[in-house]
Structure formats: structure tokens, C-alpha cells
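*Asks:* Below is one structure. I have some questions about it.
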Amino acid sequence: MVAWARWTQEARALSIYSHTICQAPQNWMWGLRCVVRSLSLTSTKNVCSSITTSEMPLNKNAKAKQCFSTKSSFSETLCLPRTDFPMRANASKRERLIQKNCFDGLYKRLLEREGPTFLLHDGPPFANGQLHMGHVLNKVLKDVIVRYKAVTGYCVAFVPGWDCHGLPIEAKAISASKNGRLTARSDPLRIRKEARRFAESAIKIQKEDFMRLGVLADWEHPYFTMNPDYEAKQVYLFLRMMQSGLVQRRYRPVYWSPSSRTALAEAEIEYDEHTSKSVFVKLAIDPHYKLHKALKDDVTGLNNASISLAIWTTTPWTLPANQAVAVNQSLDYAIVKLTSKGDATLTQLQECEHSTSVPQSTTQEYSKHGTSFRQLRKENSEQTVSSLLVVAKNCLPNCVDFLPSTSKVLCHIKGEDLLESTYIHPFQEKRSCPIIHADFVTSDSGTGLVHCAPAHGIEDYHACLSNGLSIDINIVDEDGKYNADAGCILHGLSAMDEGNDVVVNTLREKNALLACNEFVHRYPFDWRTRKPIMLRATQQWFAQLQEIKQLALEALKNVKLLPEQGRTRLESMLRQRDEWCVSRQRFWGVPIAVYCCASTGIPHLSTAYIDHVVNIISNNGSDAWWTMPDEKLFPLELREANVNYIKSKDTMDVWFDSGSSWQGATAIRHGTSQADIYLEGSDQHRGWFQSSLLIKMIHDYIEKQEPRAPFKSIITHGFVLDENNRKMSKSLGNGIDPKRVINGGENLKKEPAYGADTLRVWAASTDYQNDVNIGTTTLSVTAENLRKIRNCCRFLLGNISDFTYKNVISHDNLCGLDRYMLHRASVLDDSIRRNYESYNFHRVIQELLAFINTDLSSFYFEITKDRLYLSKVDGESRRGAQTILFHLLDVITYAISPIACHLAEEVYHFRRGIDPSISKSCGSFLENALWSDQFSKWLLDEDQADIWTTVRNVRKQVFQAIQGARDSNIVTGSLDSCITISASDHVSSLLLDLAYAPVFDDDLLLNAILMTSNDARFSDYVFYVFTKEHFHLPSLTVNVVVDSSLQGQDIVVDVAPTRCYKCPRCWRYTSTTSAHLCDRCAAVISNTLRPLS
């Protein structure tokens, strides 16, 4: 546009107005006033005053050329854009009004219309606080899919839901209680009442915020996991699982969170760096005759020497719970003598690499810090006691830090020789414990002898169980503190903190501590409290998944995952999962509603009982389990005679709540248990995706149905990070409040009110399959991109304000440039629809912005403004350009409607003369439009499209040459330039075809594309006359020369100043004198053009 203007007062005015149309930094009406004022000052009246009659051309339009402006200024003859579409969105106010007038009742109307059904199932967020940017990303991505499906003709079904139970809500309800009147040990009903109130309050807040984002959903009928009907179906499914033998109660170690005081499933833990203590400890042996026999030929004076086992553990706090030491009967073990100073140094130790070893995961993690295990702090490096030590032969290098240099290997024995011997318990001197075999014992780390505490280790538990040892000893309570069974010195201490230190000090005092070291490794944490967890044996209910997971893996083969690597992750987690701890020791949850026999622990699961208790919960909610007496919950007629029953106090894992939503929400609402899409964060591979799939497989297994996954597709997104790739947290202060982004902060200059569409465009612009970033810079760039789209739409609306569908010119009657632009719009539309179908929303935004910037603003808009503003108002040239703008607005409106939904509604309604922020119940674009392949008919064949690619490349090189001429003060822009293009035969032929092609009755096509004017020098060389109503087209101003030495699309451009004069109306250099209007302007004026109303 800049290349068109002379830097005179008139040119500045037109340049300001044109810049306003493209970039809209100010109100375009203000720009119009500038143009009017400028043109009034330079009216033709003043120009014509110095022209004699003899100088006037003797043709039909001579009078118009000389005298028109004596009656009126040229501003009245311009067809400038006119629209009430606001330049500024004023989103914080107008979006709410648009939602009320356009979106109210829309979901119901879309669901009821005819068409195929599309079901997106909402993974329920926790009802426990304000929205954060992760919520925004998740819900906007879902809404983009829903709106795209709606505009393409689907009956969309999207029911929002909330996960209302669980520890996060219970903990927040307790902490939010007035004056701390509630604790974790308070009355269950009080806790449940407060938790329900807290959840209802959070749901109300979150629902309003989701609606403010413009999310299209069934907000009048959401699903809650605390609804009685939902709870009843969940209880029924769980009891049917128990009835089928898929749920069993056992006493065994589980992940236990002392900070939450409940068991955790694997999906509820995460790993982070943690500093722990590892200890080498010696345990005195009471040798069995098998050991004596193995040693008698090699060791003299055995009766006078004490023999000890050397064990290694990274959890010293579990030593008071020790029940056995495990060895591998096939390993070789060394008998090491510790104190014979005259003996030679151990050759075995000399030959080994002098570096200790820790378990593989520990070694890998600690190596990240550049420190070997040997460099760790040692509290006790040498022992000088006279004794023999048993260590696995291959583990001797691990022991060099605490073995005296004079130690000697006396002999080797097999692990089998140690079996049946006993040792003295490290904390109970009068108690002997067995040495047992375990296959999991290796010589890869430690000492090859493993301390077993079955209450605190899965492998320990199974090893002790298989050897008939007691496994019900538990010395740690639910708070993670030692109980009275741990002894008086430990009672009441936190096992993993100060208790751990007391254990180490006690071992040191007993001269049993060989070495103590600190090391950094990855350790499991409670993903909610972010505090370390432990393994602790308790009575829990376990779902047996050995058969179920095979069904799940098979069903997963028919599911599409995006990104595809999520399949590997989900399958891996399923294969490793043999059981699921489904019980929790909390009050706010769905009860495991069973009565168990007091003597056997077997639950009563008659069909009559199941139907009875499910009916109670359906009518009264799960609170009935705590409020109703046992006589009503479990009537006498349902009980077995002479059997005492104990009522279960456990609740279900909250993942069972949300994982059964395919039944409690999808199946009930829509008559199918399979949704088209599940879309959540990538962490849900271990959570909701997995629990939903497993529970659905359990249901199908029990009901003997064909196993089918509850989803056809799974889409995952990453986490939201700040612009420095850090997780958002309160401690860092880098969190972003969605409400402040939408409504603005206290200082609107620093925190503008961007509105919901900006957040929606941000979410859609991200490569969401990976972690995404947001911050002030990101929001500013996003808002600018949205502004470009908005002002493009405003330009289109302003220029078709007097245009309707009946004015559309058929495709065959359009000029080549116009047909090419329809081709480009068709290509864009096809690409955008394919990106929506493949859920690549960021490509939609990228391609739309590139089209607006490259194809429209700097190409087609720049070229056609002359036709739009200056041609005859109802002439074919202007109507042809308006036809393209009319269709372009259709394409862009469809493209933005799933993402910038408020902007799409504005464009749609303003096009019909309606302001959607004012007009009540004006309907929605989604219910009045159908997006398919209706624009594909505009596609050109490949050869024709290639021609225009060449032409645009030539245009780019010509403009570069003109800029060089401007810099040299040869010309002021393209309008006063004469262009000579030397090109190859092929390119020359293409350009000559364009040079003689008319743009209706206004111009020659090559002139228009290169934005040049008429030049008399070339009139004799090539002068094309197109006669229509005695109107002459301007002559060719671009000289095309064939140069066979040039290859491909290379051209040589020569720029010279024009010899023609500037028309005082259109400012193109097409007049024969400085006083005359050009032929085109004179013809327009002579037809008594009326200004736009």
C-alpha cells in the first residue's frame, strides 16, 4: 500500500486510511474524515481553473473531467468501506452478551437436530478449587472438537462432569472448616457434610468459569460422582465384582501415605529426588550344623569366633520390623576374617574394582550429580572386632569401605549352607530369626543378604509368606509413626524421620553398624500432598487383574491414540499391573458397602443383599451407609443365622468413581457405553484412561459381553508451563489466573482484559501434545494474532456492506486474479478441515494467519482496493472483487468458528445487520451453517495454479526493483513507475497473457497485479483497446522482453519514471494532463455515482 502513495498531503491521507483498514490501529471513520478533508482541499475546481478550453479533450466525458468537482468533492464518489462491526472487541463486556444471546439453549438445539451423533466424554476434574490454565487448555481443546463437529452437521453430545469424592476434597474441606473444628479423626458425617458443601461450592465456581470460556456443553444437566444414581450404579458394579471373585481382601504391604493417612494406588504416586540413608549392618549367627559342616575343613577355631551376616538396606527404619534374612541358595558366599593384622591383604579385594554399588535405579539417579557412592559421607568406616563376616563373593567390592585392609577371605560356601541357621534380631536380643531362600536375591548390589520386613516390602512379604513366617506384624501406625510394638525408644517417633535416626544410633551403640551413607535417588511421593510415602501392610481390598488386563490389551488394539506413543505407555502400565488396591481409609467417598463375617472375614454378597443396599443408596445417597442403622442396611432376613458381621468402614479408590463414568454418565445419557473421544492430560495414562478401561473390561467379563473399550480414541495433552519452562506453582509465583486474563487486572495497561477468545486461540495455537507455555509475551502475541483475524473480517464486512448473494458474479465470468483467489481460499479450506479432522489445531491458526498476511493483506487486498473504492459502485469490476470478499468471509468464518467462537458469532450476525451483543435470542452460527466441501469447486488445475505461483514470484522481484529505484529517488512508488521485465520464453509468455487480459472494464491484469499506471511511451508499442460502452482501458505499462539467456523464473527488471500525470481522483498516473481525470474516473463520475448509504 505504501508503494502507491506520493508523500503529499493527499497521499498521506489515503495512506492513513488504507493502513487503518489493514492494521486498524485507529477508528477507520477517522481515517475517512482525513481523506475527505484532504481531497476537498485539492478538488478539481482548483485544478481546472488553470486549464483553457483548447486543452480539454473533445470526448463524451470531457465535461465530467473538467467540471464535476465544482459541485461536489471527490470524497462523495468513493466507495469506502462502511460497517458497524467494532474495531475493538471489548471482549470483557461483549462476550458475555454474545453468550447470552447466541449460546443460551444452543446445546439442546444442536443435540436434537438430525444427523450422526458425536460423543465426547468429559473426564471429571476434581471439584476442589479455582480454575488454572491446565483446566483452560483441557476444556478449550474439547470445545474446539465439539464445535467443529457441530458445524459439520453432527448432533454433538458433551456432558460436563465433576469428580466429587476423594482425599483432595476431604482435606480441603477439613482445612477450610471454621476455627479448625474438623480434623481427620472427626465424626464421619460431619466430614462428609463439610466435604459435600465444599464440592458443591467449587462446582458452582468452576461451572461459571467454564461457561465464561464459551464451552458448549449440557450445563443444565452435568454429572457428579456424588449423585445418588451415579453412586448406586458404582456400588452395584463393585459388589458384582466381589460376588464374581474379582475382589479379595488381604493383609499385605501397600503404598501408604502417612500425610494422607490412606492407602494409594500406583496411579496416585509420582517419583522425585530424595535423600535417604543406607546402612551396612551385621547380625550375629547361631550356626546350624549344616554351616558347621561346610566350614569345619577350612576354618580352624570356629567355636572361638563369632559369625555375622552383613546386610545392606536403604530403609533403616524397617529393621525393627525384621522377620528374616534372605539369601540365594545358588550364590557363592565368602567367609571374611576381619582382624588378623599379620595376614596378607585379600587378593580378591585387590582384583576387584574398588567402588561400591547401589541398586541400578539408585546408581543411575545419583550419577546425575557427578558423585560416586564411595564419595558419600561415611559415619563409620572401619570395624576392629574379632569376628567372621558372611558376604556374597561378588559383593566384596561393595564392602571395601568398612572392611579392614587386613581382612582375609578364609573360605567360600554356598547360600544353601546358610539355610536353617538363625541369627539374633537386631532389636530383640532374645529372639532368633531364620535365614531363608529367595529368588530375588542377587549379587548385583549390597551384600547378597537381604533383610526382610514383610510389612514393608512386596518381595519380603511373598518370601516370608512362602516360608510360613508371620506376616501380620506391623509396628508403624497410619500416621507413619512407630507404635508400642516397636519398643519404648521408638514409640511415637516418625519412622521415616527422627525414628530413622534413632534406629541408626541404636545400631551404632550395639556395635552392629558397619557403615552408614547418604545418597540421592528417586523416591515415591504422594502426588497430592507431595510428601514421601512408605510400604505398609494393612487389610485392603484388591481387584484381581491377571485375566482382565489381557482383555484390556486386546481391546486397546481397536483404539486410536493421539499421539501414538501413548499406546506404548498405556500398554506397559497394563502389563505390569496384576492387581489394584481399590480400598481407601477415608470418609468422603463411596463406601465398600459390605458386611463381613467376624470370624472369617468373608463378605456377605447374596443377590438379595446387593439389590437391597443398591436401592438404599439410589434413594438416599451414600450418606445412608453412615446414617442408617445396621438393621435397615442389612435386615435380619438377609443374614445367615448365628453369624456375627462387621460393617466395612473403607471407601472405594476415587479412580473407581471416575473410571465408572462410562456407565454412570455415558451409558445412561446416550444409550452407549463407548464414547468417540476421551481427551485428558498425559498423566491420565496411569489414571482415568486406565481405570476406565479396566472397569469396562471387568463389567464385560462379569456380564459375559464382548470386551469393548469405553472409547474409540484417546487424545492427550501436555502440562502448562511458564515461559521459562517451569511448572506453575504458588511458591514460584508464576501462575496465571484465567479470570485475570479474561477480565483484566487492576492495572489494565499491564494486565489487559483479553477476553475468552484470546485464551481459546492460545490453547488452539499450542502444540498441545507436548508441554505448552504461557506468559505475558505469549498472551500479547496471541491477542495480536486474534486482532489481525478480527480486522481482516472487518475489512471484508466493510467492503460488502452493499453486496448480497444476488450480486454474486459467476465463477466463469470472473477475471483470472479473482478465480485464483478463490482457488487459494479453496486450498486453505481443505487444509483447515483436514487439520481439524486430525486435531492439529495449531496448524489451523498458523495457516489462517499466513493466508491473511500473505494472500490477502499484502496481495489481494492491496491489489483490489483500487477496484473496491474507485470503480463504479455496481459495475462488474467492483462486484467481481466483492464476490471474492463475500466468499472469503464465508471461508474465514467457518475456519475460526470452532476456536474464536465469539468472533465468529459477531461476524455472522453483523453480516446480516445484527449486533449479537444487543439483539436478544438471535441464534447461533453453528445451527445455521453447514461446513463441508462446498468450496472445493473453485480449485484450479495444477498448471493454472503454477502460473500464478510464477506471477507472484515476478511481482515480488518487481517490487524489490521498485524499492531500489525509490531508494535512488528515481520513482516514488509503483504507481509512477514504468517497468521493463526481461524473462525466459516461458515466463514472458505467461506475463504477456496477463498483460492483455482485462480486469473487467477497469484495467489490464498485469497492471493491476504490479500496481502500475498508464504510460504513453508504451502506448504505441502495445496498446490494447477493450471497447465497452465506448470506454477505453488504460494502455499497457509493463514492457515484457524475451531474454533466452534467462532460465526458469529468473527475471531482470528495469524501472523508469512514468511520463503520464496523476489523476486527482484515483491518484494513478493515467491522465494525459495534470488537470484531467483519467478515463475510468471520468466514466464513473459521468454515470452520476451515488455515495454509499
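Lettering and numbering for the C-alpha cells are positional, with chains as A, B, ... in the shown order, residues counted from 1 in each chain, and ligands counted from 1 in the shown order.
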Excluding region 555-558 of chain A and residues on its chain fewer than 5 positions from it, collect all residues at most 8 Å away from it, counting only C-alpha atoms, and give them as a PDB file with C-alpha atoms, in the first residue's frame.
*Replies:*
```pdb
ATOM      1  CA  PRO A 707     -14.996 -56.784  25.577  1.00  0.00           C
ATOM      2  CA  ARG A 708     -15.059 -53.287  24.109  1.00  0.00           C
ATOM      3  CA  ALA A 709     -13.136 -50.231  25.270  1.00  0.00           C
ATOM      4  CA  LYS A 712     -12.804 -45.106  20.259  1.00  0.00           C
TER       5      LYS A 712
END
```
*Asks:* Would you list the contacts of region 866-882 of chain A as a CSV table (one decimal) with N, CA and C atoms, in the first residue's frame, taking every protein, DNA or RNA residue within 6 Å and counting only C-alpha atoms, but skipping same-chain residues closer than 5 positions in sequence?
*Replies:*
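As written to disk, part_21.csv reads:
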```csv
chain,number,residue,atom,x,y,z
A,78,LEU,N,-16.3,8.1,-3.7
A,78,LEU,CA,-15.6,7.0,-3.3
A,78,LEU,C,-16.5,5.9,-2.7
A,79,CYS,N,-16.2,4.7,-3.0
A,79,CYS,CA,-16.9,3.6,-2.4
A,79,CYS,C,-16.1,3.0,-1.2
A,80,LEU,N,-16.0,3.8,-0.1
A,80,LEU,CA,-15.2,3.4,1.0
A,80,LEU,C,-16.0,2.4,1.9
A,800,ILE,N,-18.4,-5.2,1.7
A,800,ILE,CA,-19.5,-5.9,1.1
A,800,ILE,C,-20.8,-5.5,1.8
A,1000,PHE,N,-12.2,-6.7,-16.1
A,1000,PHE,CA,-13.5,-6.2,-16.5
A,1000,PHE,C,-13.2,-5.0,-17.4
A,1084,VAL,N,-16.9,7.0,-14.4
A,1084,VAL,CA,-17.6,6.7,-13.1
A,1084,VAL,C,-18.4,7.9,-12.7
```
*Asks:* With a distance cut-off of 12 Å and only C-alpha atoms, select the neighbouring residues of Asp933 (chain A), excluding the residue or stretch itself and same-chain residues fewer than 3 positions from it, and output the selection as a list of chain:residue names.
*Replies:*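 Skipping anything fewer than 3 positions along the chain leaves A:Thr152, A:Ala825, A:Ser826, A:Val827, A:Leu828, A:Asp829, A:Asp830, A:Ser831, A:Ile832, A:Arg833, A:Arg834, A:Val891, A:Tyr894, A:Leu930, A:Ser936, A:Lys937, A:Trp938, A:Leu939.
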*Asks:* Keeping only N, CA and C atoms, write those residues as a JSON list (two decimals), in the first residue's frame.
*Replies:*
```json
[["chain", "number", "residue", "atom", "x", "y", "z"],
["A", 152, "THR", "N", -20.07, -29.13, 11.27],
["A", 152, "THR", "CA", -20.03, -30.06, 10.14],
["A", 152, "THR", "C", -21.23, -31.00, 10.12],
["A", 825, "ALA", "N", -8.42, -19.80, -1.61],
["A", 825, "ALA", "CA", -9.37, -19.98, -0.50],
["A", 825, "ALA", "C", -9.80, -21.43, -0.40],
["A", 826, "SER", "N", -9.99, -22.08, -1.51],
["A", 826, "SER", "CA", -10.38, -23.49, -1.52],
["A", 826, "SER", "C", -9.27, -24.37, -0.96],
["A", 827, "VAL", "N", -8.04, -24.08, -1.33],
["A", 827, "VAL", "CA", -6.89, -24.83, -0.80],
["A", 827, "VAL", "C", -6.81, -24.66, 0.71],
["A", 828, "LEU", "N", -6.99, -23.42, 1.16],
["A", 828, "LEU", "CA", -6.96, -23.14, 2.60],
["A", 828, "LEU", "C", -8.07, -23.91, 3.31],
["A", 829, "ASP", "N", -9.27, -23.85, 2.78],
["A", 829, "ASP", "CA", -10.41, -24.52, 3.41],
["A", 829, "ASP", "C", -10.17, -26.02, 3.52],
["A", 830, "ASP", "N", -9.68, -26.63, 2.48],
["A", 830, "ASP", "CA", -9.42, -28.07, 2.52],
["A", 830, "ASP", "C", -8.36, -28.42, 3.56],
["A", 831, "SER", "N", -7.31, -27.63, 3.61],
["A", 831, "SER", "CA", -6.25, -27.90, 4.58],
["A", 831, "SER", "C", -6.73, -27.72, 6.01],
["A", 832, "ILE", "N", -7.50, -26.68, 6.25],
["A", 832, "ILE", "CA", -8.01, -26.42, 7.59],
["A", 832, "ILE", "C", -8.95, -27.52, 8.04],
["A", 833, "ARG", "N", -9.82, -27.97, 7.15],
["A", 833, "ARG", "CA", -10.74, -29.06, 7.53],
["A", 833, "ARG", "C", -9.97, -30.34, 7.84],
["A", 834, "ARG", "N", -8.92, -30.61, 7.08],
["A", 834, "ARG", "CA", -8.11, -31.80, 7.37],
["A", 834, "ARG", "C", -7.38, -31.67, 8.70],
["A", 891, "VAL", "N", -15.34, -18.50, 4.12],
["A", 891, "VAL", "CA", -14.26, -19.43, 4.44],
["A", 891, "VAL", "C", -13.65, -19.11, 5.80],
["A", 894, "TYR", "N", -16.06, -19.91, 8.82],
["A", 894, "TYR", "CA", -16.06, -21.34, 9.12],
["A", 894, "TYR", "C", -14.77, -21.74, 9.83],
["A", 930, "LEU", "N", -23.57, -25.10, 7.65],
["A", 930, "LEU", "CA", -23.09, -26.47, 7.48],
["A", 930, "LEU", "C", -21.80, -26.43, 6.67],
["A", 936, "SER", "N", -14.71, -26.58, -2.62],
["A", 936, "SER", "CA", -13.75, -27.33, -3.44],
["A", 936, "SER", "C", -13.97, -27.10, -4.94],
["A", 937, "LYS", "N", -15.14, -26.61, -5.34],
["A", 937, "LYS", "CA", -15.44, -26.38, -6.76],
["A", 937, "LYS", "C", -14.59, -25.27, -7.36],
["A", 938, "TRP", "N", -13.92, -24.50, -6.51],
["A", 938, "TRP", "CA", -13.11, -23.38, -7.00],
["A", 938, "TRP", "C", -11.68, -23.78, -7.35],
["A", 939, "LEU", "N", -11.31, -25.01, -7.09],
["A", 939, "LEU", "CA", -9.93, -25.41, -7.31],
["A", 939, "LEU", "C", -9.55, -25.31, -8.78]]
```
*Asks:* Applying 10 Å and only C-alpha atoms, which residues near Trp162 (chain A) remain after dropping the ones on its own chain fewer than 2 positions away? List them as a list in words.
*Replies:* Asp122, Gly123, Pro124, Pro125, Phe126, Ala127, Asn128, Pro160, Cys164, His165, Ala199, Glu200, Ala202, Ile203, Gln206, Lys207, Pro222, Tyr223, Phe224, Thr225, Met226 and Ser658 of chain A
*Asks:* Calculate how many Å separate CA of Lys806 (chain A) from CA of Gln944 (chain A), rounding to one decimal.
*Replies:*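 Computed distance, CA of Lys806 (chain A) to CA of Gln944 (chain A), equals 28.3 Å.
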*Asks:* With distances taken over only C-alpha atoms, which of A:Glu906, A:Glu680, A:Glu268, A:Glu751 is nearest to His121 (chain A)?
*Replies:*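 With only C-alpha atoms as the atom set, the closest residue is A:Glu680.
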*Asks:* Quick one: residues within 9 Å of Arg911 (chain A), only C-alpha atoms, excluding same-chain residues fewer than 3 positions away - as a list of chain:residue names?
*Replies:* A:Phe85, A:Leu797, A:Ile800, A:Ser801, A:Glu906, A:Val907, A:Tyr908, A:Ile914
*Asks:* Let's see if you can do this: from backbone DSSP, list all alpha helix (DSSP H) residues in region 169-301 of chain A, as number ranges by chain.
*Replies:* A: 169-176, 188-212, 228-243, 289-295
*Asks:* At a cut-off of 10 Å, using only C-alpha atoms, what residues contact region 234-250 of chain A? Leave out same-chain residues fewer than 5 positions from it and give the result as a PyMOL selection string.
*Replies:* chain A and resi 225+228-229+537-548+579-583+590-594+601-607+609-611+613-615+617-618+622+652+656-661+663-664+695+698-699+701-703
*Asks:* Selected residues, C-alpha atoms, written as a compact mmCIF listing (two decimals), in the first residue's frame, please.
*Replies:*
```txt
# COMPACT_ATOMS: atom_id res chain seq x y z
CA THR A 225 -19.88 -38.65 41.07
CA PRO A 228 -27.14 -40.95 44.32
CA ASP A 229 -27.90 -42.61 40.97
CA ALA A 537 0.97 -53.80 55.49
CA THR A 538 -2.76 -53.32 56.10
CA GLN A 539 -6.02 -55.10 55.39
CA GLN A 540 -7.13 -53.92 51.94
CA TRP A 541 -9.43 -54.94 49.11
CA PHE A 542 -7.63 -55.89 45.89
CA ALA A 543 -9.09 -56.25 42.41
CA GLN A 544 -7.52 -59.20 40.61
CA LEU A 545 -6.41 -58.12 37.14
CA GLN A 546 -4.48 -61.09 35.74
CA GLU A 547 -7.22 -62.00 33.26
CA ILE A 548 -8.74 -58.54 32.98
CA GLU A 579 -3.89 -56.21 40.99
CA TRP A 580 -5.43 -52.93 42.06
CA CYS A 581 -5.78 -51.81 45.67
CA VAL A 582 -9.30 -50.42 45.47
CA SER A 583 -9.94 -49.60 49.16
CA VAL A 590 -18.39 -44.18 48.02
CA PRO A 591 -18.49 -46.94 50.67
CA ILE A 592 -17.43 -50.50 50.11
CA ALA A 593 -20.91 -51.46 51.23
CA VAL A 594 -20.44 -54.95 52.64
CA GLY A 601 -13.70 -62.01 57.12
CA ILE A 602 -15.79 -63.27 54.19
CA PRO A 603 -18.28 -60.65 52.93
CA HIS A 604 -21.99 -61.40 52.59
CA LEU A 605 -22.79 -61.00 48.88
CA SER A 606 -26.17 -62.53 48.22
CA THR A 607 -28.04 -61.10 45.24
CA TYR A 609 -28.44 -58.07 49.73
CA ILE A 610 -26.81 -56.39 46.72
CA ASP A 611 -30.17 -55.29 45.32
CA VAL A 613 -28.21 -51.91 49.54
CA VAL A 614 -28.03 -50.53 45.98
CA ASN A 615 -31.66 -49.45 46.23
CA ILE A 617 -28.04 -45.75 48.08
CA SER A 618 -30.03 -44.89 44.95
CA SER A 622 -24.05 -42.93 50.03
CA MET A 652 -13.50 -47.01 47.18
CA PHE A 656 -13.07 -46.27 40.65
CA ASP A 657 -15.50 -43.33 40.89
CA SER A 658 -14.31 -41.57 37.74
CA GLY A 659 -13.39 -44.83 35.99
CA SER A 660 -17.01 -45.97 36.05
CA SER A 661 -18.28 -42.73 34.46
CA GLN A 663 -21.61 -46.30 32.99
CA GLY A 664 -22.84 -43.58 35.34
CA ILE A 695 -13.55 -51.27 34.90
CA ILE A 698 -14.43 -56.11 34.36
CA HIS A 699 -18.05 -55.26 33.55
CA TYR A 701 -16.23 -60.04 31.82
CA ILE A 702 -18.85 -60.33 34.55
CA GLU A 703 -21.79 -59.82 32.19
```
*Asks:* Could you check how far CA of Gln684 (chain A) sits from CA of Val254 (chain A), in Å to one decimal?
*Replies:*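 Going from CA of Gln684 (chain A) over to CA of Val254 (chain A) covers 21.2 Å.
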*Asks:* Which distance in Å separates CA of Gly134 (chain A) and CA of Leu759 (chain A), to one decimal?
*Replies:*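 Answer for the CA of Gly134 (chain A) to CA of Leu759 (chain A) separation: 11.6 Å.
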*Asks:* So, counting only C-alpha atoms, which residue among A:His462, A:Arg966, A:Arg686, A:Arg794 is closest to Glu270 (chain A)?
*Replies:* A:Arg686
*Asks:* Restricting the calculation to only C-alpha atoms, which member of A:Pro738, A:Ala284, A:Ile774, A:Asp1003 is positioned closest to Arg431 (chain A)?
*Replies:* A:Ala284
*Asks:* Which is closest to Phe711 (chain A) among A:Val559, A:Leu1077, A:Leu410, A:Met697, if we use only C-alpha atoms?
*Replies:*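 Of A:Val559, A:Leu1077, A:Leu410, A:Met697, the one nearest Phe711 (chain A) is A:Val559, counting only C-alpha atoms.
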*Asks:* Quick one: everything within 9 Å of Asn773 (chain A), counting only C-alpha atoms, minus sequence neighbours fewer than 2 positions away in the same chain. Send it as a tab-separated table (two decimals) with N, CA, C and O atoms, in the first residue's frame.
*Replies:*
```tsv
chain	number	residue	atom	x	y	z
A	719	PHE	N	1.43	-30.60	29.87
A	719	PHE	CA	1.20	-29.71	31.00
A	719	PHE	C	1.49	-28.27	30.59
A	719	PHE	O	2.22	-28.00	29.64
A	720	VAL	N	0.91	-27.34	31.34
A	720	VAL	CA	1.11	-25.92	31.07
A	720	VAL	C	2.28	-25.41	31.91
A	720	VAL	O	2.28	-25.54	33.14
A	721	LEU	N	3.27	-24.84	31.25
A	721	LEU	CA	4.46	-24.30	31.90
A	721	LEU	C	4.51	-22.79	31.67
A	721	LEU	O	3.82	-22.25	30.80
A	722	ASP	N	5.36	-22.11	32.44
A	722	ASP	CA	5.54	-20.68	32.18
A	722	ASP	C	6.50	-20.51	31.01
A	722	ASP	O	6.95	-21.48	30.39
A	723	GLU	N	6.83	-19.28	30.70
A	723	GLU	CA	7.66	-19.02	29.52
A	723	GLU	C	9.12	-19.41	29.72
A	723	GLU	O	9.90	-19.38	28.78
A	724	ASN	N	9.48	-19.79	30.96
A	724	ASN	CA	10.82	-20.31	31.25
A	724	ASN	C	10.81	-21.82	31.44
A	724	ASN	O	11.74	-22.39	32.02
A	725	ASN	N	9.73	-22.46	30.97
A	725	ASN	CA	9.57	-23.91	31.03
A	725	ASN	C	9.55	-24.44	32.46
A	725	ASN	O	9.98	-25.57	32.72
A	726	ARG	N	9.05	-23.64	33.38
A	726	ARG	CA	8.90	-24.10	34.76
A	726	ARG	C	7.44	-24.42	35.05
A	726	ARG	O	6.54	-23.79	34.52
A	766	THR	N	-1.30	-23.90	20.48
A	766	THR	CA	-0.21	-24.67	21.07
A	766	THR	C	-0.07	-26.02	20.40
A	766	THR	O	-1.04	-26.59	19.89
A	771	ASP	N	4.28	-30.41	26.28
A	771	ASP	CA	4.05	-29.36	27.27
A	771	ASP	C	3.97	-28.02	26.56
A	771	ASP	O	4.66	-27.78	25.56
A	775	GLY	N	2.49	-16.98	29.15
A	775	GLY	CA	3.02	-15.87	29.94
A	775	GLY	C	2.57	-14.57	29.30
A	775	GLY	O	1.79	-14.56	28.33
A	778	THR	N	3.45	-14.41	25.54
A	778	THR	CA	2.61	-15.33	24.77
A	778	THR	C	1.21	-14.77	24.59
A	778	THR	O	0.64	-14.81	23.49
```
*Asks:* Using the chain letters and numbers from this document, which residues of region 633-702 of chain A does DSSP assign to strand (DSSP E), as a list in words?
*Replies:* Tyr645, Ile646, Lys647, Thr651, Met652, Ala675, Asp676, Ile677, Tyr678, Leu679, Glu680 and Gly681 of chain A
*Asks:* Could you check the closest approach to Glu420 (chain A) for each of A:Gln329, A:Ser692, A:Asn747, A:Ser470 and tell me which residue wins, using only C-alpha atoms?
*Replies:* A:Gln329
